[in-house]
$ cat work-v1.txt   # compact mmCIF, C-alpha atoms
# COMPACT_ATOMS: atom_id res chain seq x y z
CA MET Q 264 0.23 -18.95 -0.11
CA PRO Q 265 -0.35 -17.21 3.20
CA GLN Q 266 -3.77 -15.84 4.10
CA PHE Q 267 -4.63 -13.53 6.97
CA PRO Q 268 -8.23 -13.32 8.22
CA PHE Q 269 -9.28 -10.13 10.00
CA THR Q 270 -12.38 -8.58 11.53
CA THR Q 271 -13.48 -5.06 10.63
CA LYS Q 272 -14.47 -2.48 13.22
CA ASP Q 273 -18.12 -3.20 12.38
CA GLY Q 274 -17.70 -6.96 12.94
CA ARG Q 275 -17.41 -8.29 9.38
CA THR Q 276 -14.84 -10.92 8.49
CA GLY Q 277 -12.32 -10.19 5.76
CA LEU Q 278 -9.25 -11.79 4.30
CA VAL Q 279 -5.83 -10.48 3.27
CA ARG Q 280 -4.16 -12.77 0.75
CA VAL Q 281 -1.56 -12.75 -1.99
CA ALA Q 282 -2.80 -11.07 -5.17
CA THR Q 283 -3.53 -13.33 -8.14
CA PRO Q 284 -3.78 -12.52 -11.85
CA GLY Q 285 -7.57 -12.70 -11.47
CA ASP Q 286 -7.46 -9.65 -9.16
CA ALA Q 287 -6.15 -7.35 -11.89
CA LYS Q 288 -9.48 -5.85 -13.03
CA ALA Q 289 -10.78 -5.13 -9.52
CA ALA Q 290 -7.41 -3.78 -8.33
CA SER Q 291 -7.17 -1.54 -11.40
CA ALA Q 292 -10.69 -0.21 -10.81
CA ILE Q 293 -9.84 0.71 -7.21
CA THR Q 294 -6.59 2.38 -8.26
CA ARG Q 295 -8.31 4.37 -11.01
CA ALA Q 296 -11.04 5.57 -8.63
CA VAL Q 297 -8.53 6.61 -5.96
CA MET Q 298 -6.29 8.24 -8.57
CA ASN Q 299 -9.20 10.54 -9.48
CA GLU Q 300 -10.05 11.58 -5.88
CA ARG Q 301 -9.36 15.09 -4.63
CA PRO Q 302 -7.54 15.89 -2.51
CA ARG Q 303 -5.05 13.49 -3.99
CA THR Q 304 -3.85 10.50 -1.97
CA LEU Q 305 -2.13 8.49 -4.70
CA MET Q 306 1.10 9.30 -6.52
CA VAL Q 307 0.05 7.70 -9.82
CA PHE Q 308 -0.29 9.75 -12.98
CA PRO Q 309 -2.89 8.80 -15.61
CA GLU Q 310 -0.15 7.95 -18.13
CA GLU Q 311 1.46 5.61 -15.57
CA PHE Q 312 -1.74 3.71 -14.93
CA TRP Q 313 -1.20 0.05 -15.75
CA SER Q 314 -3.45 -1.92 -18.01
CA VAL Q 315 -4.80 -5.21 -16.66
CA ARG Q 316 -2.15 -7.00 -18.72
CA GLN Q 317 0.67 -4.89 -17.23
CA TRP Q 318 -0.71 -5.40 -13.71
CA ARG Q 319 -0.65 -9.15 -14.22
CA ARG Q 320 2.87 -9.02 -15.66
CA PHE Q 321 4.41 -6.98 -12.84
CA ARG Q 322 2.48 -8.56 -9.96
CA LEU Q 323 4.58 -10.27 -7.32
CA GLY Q 324 3.52 -13.20 -5.18
CA TRP Q 325 5.04 -13.74 -1.73
CA GLU Q 326 8.64 -13.49 -2.90
CA SER Q 327 11.98 -12.40 -1.47
CA ARG Q 328 12.00 -9.24 -3.62
CA GLY Q 329 8.47 -8.19 -2.67
CA ALA Q 330 4.82 -9.04 -2.26
CA TRP Q 331 1.44 -7.88 -3.51
CA LEU Q 332 -1.43 -8.43 -1.14
CA VAL Q 333 -5.14 -7.73 -1.48
CA ALA Q 334 -7.94 -7.42 1.05
CA GLU Q 335 -11.33 -8.99 0.44
CA LEU Q 336 -14.52 -8.15 2.26
CA GLY Q 337 -17.75 -9.93 1.43
CA GLY Q 338 -16.05 -11.55 -1.57
CA MET Q 339 -15.13 -8.15 -3.05
CA LEU Q 340 -11.63 -6.72 -3.40
CA VAL Q 341 -11.45 -3.55 -1.26
CA GLY Q 342 -7.75 -2.73 -1.00
CA MET Q 343 -4.20 -3.67 -1.78
CA VAL Q 344 -0.66 -3.17 -0.58
CA THR Q 345 2.56 -3.64 -2.52
CA ILE Q 346 5.98 -3.86 -0.95
CA HIS Q 347 9.37 -3.99 -2.64
CA ARG Q 348 12.69 -4.79 -1.04
CA GLY Q 349 15.64 -2.45 -1.64
CA ASP Q 350 17.48 -3.43 -4.83
CA ARG Q 351 21.04 -2.58 -3.85
CA ALA Q 352 23.06 -4.62 -1.33
CA SER Q 353 23.37 -1.62 0.97
CA ILE Q 354 19.58 -1.28 1.33
CA ARG Q 355 18.39 -4.89 1.07
CA HIS Q 356 17.42 -4.72 4.74
CA THR Q 357 14.75 -2.14 3.84
CA ALA Q 358 11.50 -2.24 1.91
CA GLU Q 359 9.07 0.42 0.72
CA PHE Q 360 5.33 -0.05 0.45
CA GLY Q 361 2.31 1.62 -1.08
CA ILE Q 362 -1.29 1.02 -0.07
CA THR Q 363 -4.68 1.77 -1.60
CA VAL Q 364 -8.09 1.22 -0.03
CA ALA Q 365 -11.39 1.75 -1.83
CA ALA Q 366 -13.25 4.85 -0.63
CA ASP Q 367 -16.26 2.90 0.64
CA ALA Q 368 -14.03 0.55 2.68
CA ARG Q 369 -12.04 3.12 4.65
CA ASP Q 370 -12.00 3.63 8.40
CA ILE Q 371 -13.06 0.06 9.21
CA GLY Q 372 -9.67 -1.64 9.56
CA ILE Q 373 -8.79 -2.63 5.99
CA GLY Q 374 -5.59 -0.55 5.93
CA ARG Q 375 -4.49 -1.92 9.29
CA ALA Q 376 -5.09 -5.51 8.15
CA LEU Q 377 -3.12 -4.97 4.94
CA ILE Q 378 -0.19 -3.35 6.74
CA GLU Q 379 -0.06 -6.04 9.44
CA ALA Q 380 0.01 -8.78 6.77
CA MET Q 381 2.66 -6.87 4.80
CA GLU Q 382 4.80 -6.57 7.94
CA ARG Q 383 4.60 -10.36 8.35
CA TRP Q 384 6.09 -10.71 4.87
CA ALA Q 385 8.81 -8.20 5.81
CA ARG Q 386 9.75 -10.02 9.00
CA GLU Q 387 9.81 -13.35 7.18
CA GLN Q 388 12.21 -11.86 4.64
CA GLY Q 389 14.54 -10.39 7.28
CA ILE Q 390 13.56 -6.80 6.53
CA ILE Q 391 14.62 -4.47 9.34
CA LYS Q 392 13.10 -1.18 8.16
CA VAL Q 393 9.81 -0.59 6.31
CA CYS Q 394 9.26 2.81 4.66
CA LEU Q 395 6.55 4.69 2.81
CA ARG Q 396 5.81 8.10 1.40
CA VAL Q 397 2.55 9.88 2.15
CA PHE Q 398 1.25 13.28 1.10
CA VAL Q 399 1.66 15.71 4.00
CA ASN Q 400 -2.05 16.63 3.86
CA ASN Q 401 -3.28 13.02 4.09
CA GLU Q 402 -4.17 13.12 7.79
CA ARG Q 403 -6.21 9.88 7.74
CA ALA Q 404 -3.29 7.85 6.41
CA LYS Q 405 -0.67 9.51 8.62
CA SER Q 406 -2.80 8.81 11.68
CA LEU Q 407 -3.05 5.11 10.80
CA TYR Q 408 0.67 4.81 10.16
CA GLU Q 409 1.52 6.50 13.45
CA LYS Q 410 -0.87 4.19 15.35
CA LEU Q 411 0.99 1.24 13.80
CA GLY Q 412 4.38 2.57 14.94
CA TYR Q 413 5.58 4.44 11.86
CA GLU Q 414 7.55 7.60 12.55
CA ILE Q 415 8.20 10.67 10.45
CA GLU Q 416 11.72 10.75 9.07
CA GLY Q 417 11.42 13.89 7.01
CA VAL Q 418 9.50 16.02 4.55
CA GLU Q 419 10.30 16.04 0.85
CA ARG Q 420 9.31 19.49 -0.37
CA ARG Q 421 7.49 19.67 -3.72
CA GLN Q 422 8.38 16.01 -4.22
CA VAL Q 423 5.46 15.17 -6.51
CA ARG Q 424 4.44 17.31 -9.49
CA PHE Q 425 1.28 16.31 -11.32
CA PRO Q 426 0.67 17.00 -15.02
CA ASP Q 427 -1.74 19.83 -14.12
CA GLY Q 428 1.10 21.59 -12.28
CA GLU Q 429 -0.02 20.77 -8.74
CA GLU Q 430 2.96 20.14 -6.48
CA ILE Q 431 2.63 18.26 -3.19
CA ASP Q 432 5.08 17.71 -0.37
CA THR Q 433 5.53 14.14 0.77
CA MET Q 434 6.48 12.82 4.16
CA LEU Q 435 8.84 9.90 4.54
CA MET Q 436 7.73 7.59 7.33
CA ALA Q 437 9.37 4.41 8.56
CA LYS Q 438 9.14 1.66 11.13
CA PHE Q 439 11.92 -0.52 12.45
CA LEU Q 440 10.70 -4.08 12.85
CA ALA Q 441 11.73 -5.97 15.98
$ encode --input "work-v1.txt" --output "structure tokens"
Amino acid sequence: MPQFPFTTKDGRTGLVRVATPGDAKAASAITRAVMNERPRTLMVFPEEFWSVRQWRRFRLGWESRGAWLVAELGGMLVGMVTIHRGDRASIRHTAEFGITVAADARDIGIGRALIEAMERWAREQGIIKVCLRVFVNNERAKSLYEKLGYEIEGVERRQVRFPDGEEIDTMLMAKFLA
């Protein structure tokens, strides 16, 4: 399986690699922590949160239909990205991704490393367009995506409604891969 070493902004060496079943507990812990942050940055509801068993069952390797990658720093899991290819024939040239980075590992290059590795998967699979949705108020994430060449394609008004009634607009962003 492919592995992608990277160096953080503060000079540490990390690794992006394909997620394994053994990553389920650490990945779930990161997702749960981020899910509880405010302002919200993750579109996961508590009732949608996967158990470790579900995470292991739905995890993808480095496959034609998608990939799940994790970032390690100092032997600890600090982030993950999932990407899924379009299911229908008319959109099989596209893929959509979601990314989560642990709060204490942000702003040092983890997100960039994950996205660059994910884009390698996309290119290898013949993907032409990579998309994501981001909350309109998530300036940190939007800034990263723009630096990596993602462009705003539109705003989806009141796209996400949380169980507590909070509604948040999302922004569709995309990048065409050369």
$ closest_residue --input "work-v1.txt" --among "Q:Arg295, Q:Arg375, Q:Arg320, Q:Lys405" --to "Val344 of chain Q" --atoms "all atoms listed in the file"
Q:Arg375
$ atom_distance --input "work-v1.txt" --atom1 "atom CA of Met339 of chain Q" --atom2 "atom CA of Tyr408 of chain Q"
24.3 Å
$ closest_residue --input "work-v1.txt" --among "Q:Ala334, Q:Val279, Q:Cys394, Q:Leu340" --to "His356 of chain Q" --atoms "all atoms listed in the file"
Q:Cys394
$ residues_near_point --input "work-v1.txt" --point "(12.6, -12.5, 1.5)" --cutoff "7 Å" --atoms "only C-alpha atoms" --output "NGL selection string"
:Q and (326-328 or 387-389)
$ closest_residue --input "work-v1.txt" --among "Q:Ala437, Q:Arg386, Q:Arg421, Q:Trp313" --to "Glu409 of chain Q" --atoms "all atoms listed in the file"
Q:Ala437
$ residues_around --input "work-v1.txt" --residues "segment 307-311 of chain Q" --least-positions-apart "3" --cutoff "9 Å" --atoms "all atoms listed in the file" --output "list of chain:residue names"
Q:Thr294, Q:Arg295, Q:Met298, Q:Asn299, Q:Phe425, Q:Pro426
$ write_last_selection --input "work-v1.txt" --atoms "C-alpha atoms" --output "compact mmCIF listing (two decimals), in the frame of the given file"
# COMPACT_ATOMS: atom_id res chain seq x y z
CA THR Q 294 -6.59 2.38 -8.26
CA ARG Q 295 -8.31 4.37 -11.01
CA MET Q 298 -6.29 8.24 -8.57
CA ASN Q 299 -9.20 10.54 -9.48
CA PHE Q 425 1.28 16.31 -11.32
CA PRO Q 426 0.67 17.00 -15.02
$ atom_distance --input "work-v1.txt" --atom1 "atom CA of Thr270 of chain Q" --atom2 "atom CA of Gly372 of chain Q"
7.7 Å
$ residues_near_point --input "work-v1.txt" --point "(-2.0, -11.6, -10.3)" --cutoff "12 Å" --atoms "all atoms listed in the file" --output "list in words"
Arg280, Val281, Ala282, Thr283, Pro284, Gly285, Asp286, Ala287, Lys288, Ala289, Ala290, Ser291, Val315, Arg316, Gln317, Trp318, Arg319, Arg320, Phe321, Arg322, Leu323, Gly324, Trp325, Ala330, Trp331, Leu332, Val333 and Met343 of chain Q
$ residues_around --input "work-v1.txt" --residues "Gln422 of chain Q" --least-positions-apart "3" --cutoff "9 Å" --atoms "all atoms listed in the file" --output "PyMOL selection string"
chain Q and resi 418-419+430-433
$ atom_distance --input "work-v1.txt" --atom1 "atom CA of Phe439 of chain Q" --atom2 "atom CA of Gly412 of chain Q"
8.5 Å
$ closest_atom_pairs --input "work-v1.txt" --of "segment 337-365 of chain Q" --to "segment 300-305 of chain Q" --cutoff "9 Å" --atoms "only C-alpha atoms" --output "CSV"
residue,atom,partner,partner_atom,distance
Q:Gly361,CA,Q:Leu305,CA,8.9
Q:Ile362,CA,Q:Leu305,CA,8.8
Q:Thr363,CA,Q:Leu305,CA,7.8
$ residues_around --input "work-v1.txt" --residues "Glu382 of chain Q" --least-positions-apart "6" --cutoff "9 Å" --atoms "all atoms listed in the file" --output "mmCIF file with C-alpha atoms, in the coordinates of the input"
data_model
loop_
_atom_site.group_PDB
_atom_site.id
_atom_site.type_symbol
_atom_site.label_atom_id
_atom_site.label_comp_id
_atom_site.auth_asym_id
_atom_site.auth_seq_id
_atom_site.Cartn_x
_atom_site.Cartn_y
_atom_site.Cartn_z
ATOM 1 C CA ILE Q 390 13.560 -6.800 6.530
ATOM 2 C CA VAL Q 393 9.810 -0.590 6.310
ATOM 3 C CA LEU Q 440 10.700 -4.080 12.850
#
$ closest_residue --input "work-v1.txt" --among "Q:Ile391, Q:Leu407, Q:Asp427, Q:Leu336" --to "Gly277 of chain Q" --atoms "only C-alpha atoms"
Q:Leu336
$ closest_residue --input "work-v1.txt" --among "Q:Val397, Q:Ala366, Q:Ile378, Q:Met264" --to "Lys410 of chain Q" --atoms "all atoms listed in the file"
Q:Ile378
$ residues_around --input "work-v1.txt" --residues "Ile354 of chain Q" --least-positions-apart "3" --cutoff "10 Å" --atoms "all atoms listed in the file" --output "MDAnalysis selection string"
chainID Q and resid 348:351 357:358 390:392
$ residues_around --input "work-v1.txt" --residues "Leu395 of chain Q" --least-positions-apart "6" --cutoff "6 Å" --atoms "only C-alpha atoms" --output "PyMOL selection string"
chain Q and resi 359-360+435-436
$ closest_residue --input "work-v1.txt" --among "Q:Gln266, Q:Ser314, Q:Ala404, Q:Ala385" --to "Arg369 of chain Q" --atoms "all atoms listed in the file"
Q:Ala404
$ build_atoms --input "work-v1.txt" --residues "segment 308-326 of chain Q" --atoms "N, CA and C atoms" --output "PDB file, in the frame of the given file"
ATOM      1  N   PHE Q 308       0.188   8.887 -11.915  1.00  0.00           N
ATOM      2  CA  PHE Q 308      -0.290   9.750 -12.980  1.00  0.00           C
ATOM      3  C   PHE Q 308      -1.124   8.923 -13.950  1.00  0.00           C
ATOM      4  N   PRO Q 309      -2.074   9.555 -14.644  1.00  0.00           N
ATOM      5  CA  PRO Q 309      -2.890   8.800 -15.610  1.00  0.00           C
ATOM      6  C   PRO Q 309      -2.052   8.038 -16.636  1.00  0.00           C
ATOM      7  N   GLU Q 310      -0.966   8.634 -17.110  1.00  0.00           N
ATOM      8  CA  GLU Q 310      -0.150   7.950 -18.130  1.00  0.00           C
ATOM      9  C   GLU Q 310       0.663   6.800 -17.545  1.00  0.00           C
ATOM     10  N   GLU Q 311       0.765   6.719 -16.223  1.00  0.00           N
ATOM     11  CA  GLU Q 311       1.460   5.610 -15.570  1.00  0.00           C
ATOM     12  C   GLU Q 311       0.519   4.468 -15.211  1.00  0.00           C
ATOM     13  N   PHE Q 312      -0.755   4.701 -15.339  1.00  0.00           N
ATOM     14  CA  PHE Q 312      -1.740   3.710 -14.930  1.00  0.00           C
ATOM     15  C   PHE Q 312      -1.568   2.443 -15.752  1.00  0.00           C
ATOM     16  N   TRP Q 313      -1.440   1.319 -15.073  1.00  0.00           N
ATOM     17  CA  TRP Q 313      -1.200   0.050 -15.750  1.00  0.00           C
ATOM     18  C   TRP Q 313      -2.485  -0.528 -16.324  1.00  0.00           C
ATOM     19  N   SER Q 314      -2.362  -1.130 -17.466  1.00  0.00           N
ATOM     20  CA  SER Q 314      -3.450  -1.920 -18.010  1.00  0.00           C
ATOM     21  C   SER Q 314      -3.558  -3.200 -17.174  1.00  0.00           C
ATOM     22  N   VAL Q 315      -4.634  -3.941 -17.359  1.00  0.00           N
ATOM     23  CA  VAL Q 315      -4.800  -5.210 -16.660  1.00  0.00           C
ATOM     24  C   VAL Q 315      -3.644  -6.148 -17.025  1.00  0.00           C
ATOM     25  N   ARG Q 316      -3.263  -6.143 -18.270  1.00  0.00           N
ATOM     26  CA  ARG Q 316      -2.150  -7.000 -18.720  1.00  0.00           C
ATOM     27  C   ARG Q 316      -0.844  -6.630 -18.021  1.00  0.00           C
ATOM     28  N   GLN Q 317      -0.548  -5.325 -17.918  1.00  0.00           N
ATOM     29  CA  GLN Q 317       0.670  -4.890 -17.230  1.00  0.00           C
ATOM     30  C   GLN Q 317       0.614  -5.267 -15.740  1.00  0.00           C
ATOM     31  N   TRP Q 318      -0.554  -5.065 -15.128  1.00  0.00           N
ATOM     32  CA  TRP Q 318      -0.710  -5.400 -13.710  1.00  0.00           C
ATOM     33  C   TRP Q 318      -0.380  -6.868 -13.490  1.00  0.00           C
ATOM     34  N   ARG Q 319      -0.909  -7.705 -14.347  1.00  0.00           N
ATOM     35  CA  ARG Q 319      -0.650  -9.150 -14.220  1.00  0.00           C
ATOM     36  C   ARG Q 319       0.825  -9.465 -14.426  1.00  0.00           C
ATOM     37  N   ARG Q 320       1.469  -8.763 -15.347  1.00  0.00           N
ATOM     38  CA  ARG Q 320       2.870  -9.020 -15.660  1.00  0.00           C
ATOM     39  C   ARG Q 320       3.808  -8.615 -14.529  1.00  0.00           C
ATOM     40  N   PHE Q 321       3.514  -7.496 -13.875  1.00  0.00           N
ATOM     41  CA  PHE Q 321       4.410  -6.980 -12.840  1.00  0.00           C
ATOM     42  C   PHE Q 321       4.070  -7.461 -11.431  1.00  0.00           C
ATOM     43  N   ARG Q 322       2.930  -8.097 -11.275  1.00  0.00           N
ATOM     44  CA  ARG Q 322       2.480  -8.560  -9.960  1.00  0.00           C
ATOM     45  C   ARG Q 322       3.512  -9.511  -9.357  1.00  0.00           C
ATOM     46  N   LEU Q 323       3.710  -9.361  -8.058  1.00  0.00           N
ATOM     47  CA  LEU Q 323       4.580 -10.270  -7.320  1.00  0.00           C
ATOM     48  C   LEU Q 323       3.708 -11.150  -6.435  1.00  0.00           C
ATOM     49  N   GLY Q 324       4.207 -12.330  -6.130  1.00  0.00           N
ATOM     50  CA  GLY Q 324       3.520 -13.200  -5.180  1.00  0.00           C
ATOM     51  C   GLY Q 324       4.011 -12.880  -3.771  1.00  0.00           C
ATOM     52  N   TRP Q 325       4.430 -13.872  -3.066  1.00  0.00           N
ATOM     53  CA  TRP Q 325       5.040 -13.740  -1.730  1.00  0.00           C
ATOM     54  C   TRP Q 325       6.484 -14.133  -1.944  1.00  0.00           C
ATOM     55  N   GLU Q 326       7.293 -13.201  -2.430  1.00  0.00           N
ATOM     56  CA  GLU Q 326       8.640 -13.490  -2.900  1.00  0.00           C
ATOM     57  C   GLU Q 326       9.677 -12.717  -2.102  1.00  0.00           C
TER      58      GLU Q 326
END
